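Data first, discussion second: the structure below is written as structure tokens.
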Amino acid sequence: MLRIVIIGALNHAQFQALHSHYEIFYSEHPEDGLLQARLHKPDLIINSCQQENNFRIQLKKHSRTRGIPVLATIPREDVCVQKIFFFSGCDDFIRSPFEEQELLVRVQVLLRNRVYLQKKYIDFRPEADFESSPEHFLKCIKNIVEQNLNKSLFGVSELAVEAGVSQPQLYRKLIALTGFSPNGYIRHIRLKHAALLLSARAGNVSEIACRVGFSSQSYFARCFKAVHHQNPKRWSGVL
């Protein structure tokens, strides 16, 4: 049975849905959570601690724990989610309180991604020369995103592996060169291609959303309108 360490959860009941699928270990403090991680070598860590700490740095120092993905829980009312998400060094976040089904899906996706990344690392060869020009860096990143455009689960961790850099390095370089975070840049490329496909009437909105990696048509429509200031149907000339 796969193992999960949950840190800082004062309300264990909100994680009850995980108990029938995984072996769960609870830790009140990050320090104890690190000990639990080294002892049990879990497949996932859920970090509910909101205070500043160097938990992820310490996690990366040990070979037994450095590859463990981390899911952070973020208060639903917190407006600085992206900042907390990046600086906490987590692989994904979920707003609390959350629905049981959403929690199960987030956990399943992270665990599935971990298996994918482990397979990628077996025959790992960097594809991008990051000592070269910024133009070459962006070209490599853009090509990687476009090659995986239709994969809705292709995200920051997969992009970093394909490019041969750490996630923090990828974040710093993209922010400096484009102003986009890695997630934002992936979404930017997806929406840019969506606009071209819609203009060419290369399919209906649902089909094009899938082709550019959006599994939810409603989410695609919101993102598209936020960027292009029109809904996808009006952009394609249907309305």
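Chain labels A, B, ... are given in the sequence in which chains occur in the structure tokens; within each chain residues are numbered consecutively from 1, and ligands are likewise numbered from 1 in the order shown.
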### Message
So that I can check the surroundings of Leu149 in chain A, please list as a PyMOL selection string every protein, DNA and RNA residue that reaches within 6 Å of it, counting only C-alpha atoms and ignoring chain neighbours fewer than 2 positions away.
### Response
chain A and resi 145-147+151+212-213
### Nearest-residue call for Arg114 in chain A, choices A:Gln101, A:Arg172, A:Asp43, A:Ser133, using only C-alpha atoms
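Of all the options, A:Asp43 lies closest to Arg114 in chain A.
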### Task
Rank A:Ser152, A:Ser63, A:Ser236, A:Asn11 by their smallest atom-to-atom distance to Pro97 in chain A, using only C-alpha atoms, and report the top residue only.
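Distance minimum relative to Pro97 in chain A lands on A:Asn11.
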### Residue set, range 87-197 of chain A restricted to helix (DSSP H, G or I), as an NGL selection string
:A and (87 or 100-122 or 134-147 or 156-163 or 167-178 or 182-197)
#### Entry: Proximity to Pro182 in chain A - best of A:Arg112, A:Lys142, A:Lys233, A:Arg66, only C-alpha atoms
A:Lys142
#### Entry: Close residues, range 217-227 of chain A itself excluded, 10 Å, only C-alpha atoms, min 3 positions apart in chain, as a list in words
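Neighbouring residues, sequence-local ones excluded: Arg187, His188, Arg190, Leu191, Lys192, Ala194, Ala195, Val205, Ser206, Glu207, Ile208, Ala209, Cys210, Val212, Gly213, Phe214, Gln230, Asn231, Pro232, Lys233, Arg234 and Trp235 of chain A.
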Please write the residues from the selection above to a file, keeping N, CA, C and O atoms, as a compact mmCIF listing (two decimals), in the first residue's frame.
```
# COMPACT_ATOMS: atom_id res chain seq x y z
N ARG A 187 0.35 27.75 -19.97
CA ARG A 187 -1.02 28.17 -20.30
C ARG A 187 -1.01 29.19 -21.44
O ARG A 187 -1.88 29.17 -22.32
N HIS A 188 -0.03 30.10 -21.44
CA HIS A 188 0.10 31.10 -22.50
C HIS A 188 0.26 30.43 -23.87
O HIS A 188 -0.41 30.82 -24.84
N ARG A 190 -0.58 27.33 -24.67
CA ARG A 190 -1.83 26.60 -24.97
C ARG A 190 -2.87 27.55 -25.56
O ARG A 190 -3.52 27.25 -26.57
N LEU A 191 -3.05 28.71 -24.93
CA LEU A 191 -4.08 29.66 -25.36
C LEU A 191 -3.71 30.34 -26.67
O LEU A 191 -4.60 30.68 -27.47
N LYS A 192 -2.42 30.53 -26.92
CA LYS A 192 -1.98 31.10 -28.19
C LYS A 192 -2.33 30.16 -29.34
O LYS A 192 -2.85 30.59 -30.38
N ALA A 194 -4.63 27.85 -29.20
CA ALA A 194 -6.09 27.77 -29.26
C ALA A 194 -6.66 28.89 -30.12
O ALA A 194 -7.58 28.66 -30.93
N ALA A 195 -6.13 30.09 -29.96
CA ALA A 195 -6.61 31.23 -30.76
C ALA A 195 -6.37 31.00 -32.25
O ALA A 195 -7.23 31.30 -33.09
N VAL A 205 -15.21 24.30 -30.22
CA VAL A 205 -14.52 24.76 -29.01
C VAL A 205 -14.07 23.60 -28.15
O VAL A 205 -12.94 23.57 -27.64
N SER A 206 -14.93 22.60 -27.98
CA SER A 206 -14.59 21.45 -27.15
C SER A 206 -13.40 20.68 -27.71
O SER A 206 -12.48 20.29 -26.98
N GLU A 207 -13.38 20.48 -29.03
CA GLU A 207 -12.29 19.74 -29.67
C GLU A 207 -10.97 20.49 -29.54
O GLU A 207 -9.93 19.90 -29.25
N ILE A 208 -11.03 21.79 -29.75
CA ILE A 208 -9.80 22.60 -29.68
C ILE A 208 -9.28 22.69 -28.25
O ILE A 208 -8.08 22.64 -28.01
N ALA A 209 -10.20 22.78 -27.29
CA ALA A 209 -9.78 22.79 -25.88
C ALA A 209 -8.98 21.53 -25.56
O ALA A 209 -7.93 21.59 -24.91
N CYS A 210 -9.46 20.37 -26.03
CA CYS A 210 -8.74 19.11 -25.81
C CYS A 210 -7.40 19.10 -26.53
O CYS A 210 -6.40 18.62 -26.00
N VAL A 212 -5.41 21.47 -27.12
CA VAL A 212 -4.39 22.31 -26.48
C VAL A 212 -4.25 21.99 -24.99
O VAL A 212 -3.67 22.77 -24.23
N GLY A 213 -4.78 20.86 -24.55
CA GLY A 213 -4.48 20.37 -23.21
C GLY A 213 -5.42 20.78 -22.10
O GLY A 213 -5.08 20.62 -20.92
N PHE A 214 -6.62 21.27 -22.43
CA PHE A 214 -7.59 21.62 -21.39
C PHE A 214 -8.62 20.50 -21.28
O PHE A 214 -9.31 20.19 -22.25
N GLN A 230 -12.38 37.81 -25.28
CA GLN A 230 -13.57 37.30 -25.97
C GLN A 230 -13.73 35.84 -25.62
O GLN A 230 -12.73 35.16 -25.35
N ASN A 231 -14.97 35.36 -25.62
CA ASN A 231 -15.12 33.93 -25.39
C ASN A 231 -14.73 33.17 -26.66
O ASN A 231 -14.71 33.74 -27.76
N PRO A 232 -14.39 31.90 -26.54
CA PRO A 232 -13.88 31.14 -27.70
C PRO A 232 -14.84 31.11 -28.89
O PRO A 232 -14.39 31.20 -30.04
N LYS A 233 -16.13 31.01 -28.65
CA LYS A 233 -17.09 30.95 -29.76
C LYS A 233 -17.10 32.25 -30.55
O LYS A 233 -17.13 32.25 -31.79
N ARG A 234 -17.07 33.37 -29.84
CA ARG A 234 -17.07 34.66 -30.54
C ARG A 234 -15.77 34.84 -31.32
O ARG A 234 -15.74 35.36 -32.42
N TRP A 235 -14.67 34.37 -30.73
CA TRP A 235 -13.36 34.48 -31.41
C TRP A 235 -13.36 33.71 -32.73
O TRP A 235 -12.82 34.15 -33.74
```
### Query
Quick one: residues within 9 Å of Leu18 in chain A, only C-alpha atoms counted, chain neighbours fewer than 3 positions away excluded, as a ChimeraX atom specification?
/A:4,15,21-24,100,103-104,107
### Distance query Asn47 in chain A at most 7 Å, only C-alpha atoms, self and fewer than 4 positions along chain excluded, as a PyMOL selection string
chain A and resi 6-8+70-73
Residues from the last selection, all heavy atoms, saved as an mmCIF file, in the first residue's frame:
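Below is the file that was written, selection.cif:
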```cif
data_model
loop_
_atom_site.group_PDB
_atom_site.id
_atom_site.type_symbol
_atom_site.label_atom_id
_atom_site.label_comp_id
_atom_site.auth_asym_id
_atom_site.auth_seq_id
_atom_site.Cartn_x
_atom_site.Cartn_y
_atom_site.Cartn_z
ATOM 1 N N ILE A 6 1.216 13.190 6.412
ATOM 2 C CA ILE A 6 0.445 14.442 6.462
ATOM 3 C C ILE A 6 0.969 15.272 7.628
ATOM 4 O O ILE A 6 0.964 14.826 8.774
ATOM 5 C CB ILE A 6 -1.060 14.168 6.612
ATOM 6 C CG1 ILE A 6 -1.556 13.334 5.421
ATOM 7 C CG2 ILE A 6 -1.834 15.482 6.698
ATOM 8 C CD1 ILE A 6 -3.005 12.905 5.522
ATOM 9 N N ILE A 7 1.405 16.491 7.332
ATOM 10 C CA ILE A 7 2.049 17.346 8.336
ATOM 11 C C ILE A 7 1.168 18.545 8.657
ATOM 12 O O ILE A 7 0.660 19.224 7.764
ATOM 13 C CB ILE A 7 3.416 17.836 7.822
ATOM 14 C CG1 ILE A 7 4.314 16.642 7.494
ATOM 15 C CG2 ILE A 7 4.088 18.748 8.837
ATOM 16 C CD1 ILE A 7 5.590 17.018 6.799
ATOM 17 N N GLY A 8 1.007 18.802 9.955
ATOM 18 C CA GLY A 8 0.325 20.014 10.406
ATOM 19 C C GLY A 8 -1.177 19.986 10.302
ATOM 20 O O GLY A 8 -1.817 21.035 10.385
ATOM 21 N N VAL A 70 5.303 16.896 -2.921
ATOM 22 C CA VAL A 70 4.638 17.557 -1.793
ATOM 23 C C VAL A 70 3.385 18.278 -2.281
ATOM 24 O O VAL A 70 3.434 19.071 -3.227
ATOM 25 C CB VAL A 70 5.580 18.569 -1.110
ATOM 26 C CG1 VAL A 70 4.853 19.285 0.040
ATOM 27 C CG2 VAL A 70 6.830 17.878 -0.582
ATOM 28 N N LEU A 71 2.267 17.994 -1.628
ATOM 29 C CA LEU A 71 1.003 18.689 -1.873
ATOM 30 C C LEU A 71 0.752 19.625 -0.704
ATOM 31 O O LEU A 71 0.703 19.189 0.442
ATOM 32 C CB LEU A 71 -0.144 17.679 -2.001
ATOM 33 C CG LEU A 71 -1.562 18.249 -2.112
ATOM 34 C CD1 LEU A 71 -1.749 18.982 -3.431
ATOM 35 C CD2 LEU A 71 -2.608 17.134 -1.982
ATOM 36 N N ALA A 72 0.621 20.926 -0.970
ATOM 37 C CA ALA A 72 0.378 21.904 0.089
ATOM 38 C C ALA A 72 -1.106 22.229 0.178
ATOM 39 O O ALA A 72 -1.797 22.293 -0.846
ATOM 40 C CB ALA A 72 1.179 23.180 -0.163
ATOM 41 N N THR A 73 -1.613 22.409 1.388
ATOM 42 C CA THR A 73 -2.980 22.883 1.557
ATOM 43 C C THR A 73 -2.914 24.383 1.840
ATOM 44 O O THR A 73 -2.131 24.826 2.678
ATOM 45 C CB THR A 73 -3.706 22.156 2.702
ATOM 46 O OG1 THR A 73 -3.078 22.466 3.950
ATOM 47 C CG2 THR A 73 -3.664 20.656 2.486
#
```
### Message
Need the shell around Leu39 in chain A: protein/DNA/RNA residues with any atom at most 10 Å away, counting only C-alpha atoms. Skip same-chain ones fewer than 5 positions apart. Format as a list in words?
### Response
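Returned residues: Gly33, Leu34, Arg64 and Thr65 of chain A.
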The selected residues should be written to file as a PDB file, in the first residue's frame (atoms: C-alpha atoms).
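Okay, result-v9.pdb is ready:
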```
ATOM      1  CA  GLY A  33       7.356  15.211   9.503  1.00  0.00           C
ATOM      2  CA  LEU A  34      10.944  15.030   8.238  1.00  0.00           C
ATOM      3  CA  ARG A  64      15.714   8.930   0.853  1.00  0.00           C
ATOM      4  CA  THR A  65      13.359  11.908   0.722  1.00  0.00           C
TER       5      THR A  65
END
```
### Message
I want to know what sits within 9 Å of Arg76 in chain A, based on only C-alpha atoms, with residues of the same chain fewer than 5 positions away left out; could you give that as a ChimeraX atom specification?
### Response
/A:81,94-98
Could you please take those selected residues and save N, CA, C and O atoms as a short mmCIF file (atom, residue, chain, number, x, y, z; two decimals), in the first residue's frame?
```cif
data_model
loop_
_atom_site.label_atom_id
_atom_site.label_comp_id
_atom_site.auth_asym_id
_atom_site.auth_seq_id
_atom_site.Cartn_x
_atom_site.Cartn_y
_atom_site.Cartn_z
N VAL A 81 -1.93 32.84 -3.30
CA VAL A 81 -1.72 31.41 -3.49
C VAL A 81 -0.45 31.13 -4.29
O VAL A 81 0.35 30.28 -3.92
N ILE A 94 -3.77 22.61 -2.88
CA ILE A 94 -5.22 22.45 -2.87
C ILE A 94 -5.77 23.42 -1.84
O ILE A 94 -5.20 23.60 -0.76
N ARG A 95 -6.86 24.10 -2.19
CA ARG A 95 -7.47 25.07 -1.27
C ARG A 95 -8.28 24.35 -0.20
O ARG A 95 -9.06 23.45 -0.51
N SER A 96 -8.09 24.76 1.04
CA SER A 96 -8.79 24.17 2.17
C SER A 96 -9.84 25.15 2.70
O SER A 96 -9.57 26.36 2.79
N PRO A 97 -11.05 24.67 3.05
CA PRO A 97 -11.50 23.26 3.04
C PRO A 97 -11.75 22.76 1.62
O PRO A 97 -12.05 23.54 0.73
N PHE A 98 -11.61 21.44 1.44
CA PHE A 98 -11.72 20.85 0.12
C PHE A 98 -12.68 19.67 0.16
O PHE A 98 -12.95 19.09 1.21
#
```
### Query
When distances are computed from only C-alpha atoms, which of A:Ser181, A:His193, A:Pro42, A:Phe25 shows the smallest separation from Gln167 in chain A?
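Looking only at the distances to Gln167 in chain A, the closest residue turns out to be A:Ser181.
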### Query
With distances taken over only C-alpha atoms, which of A:Ile141, A:Tyr26, A:His19, A:Ile45 is nearest to Met1 in chain A?
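The answer is A:His19, which sits nearest to Met1 in chain A.
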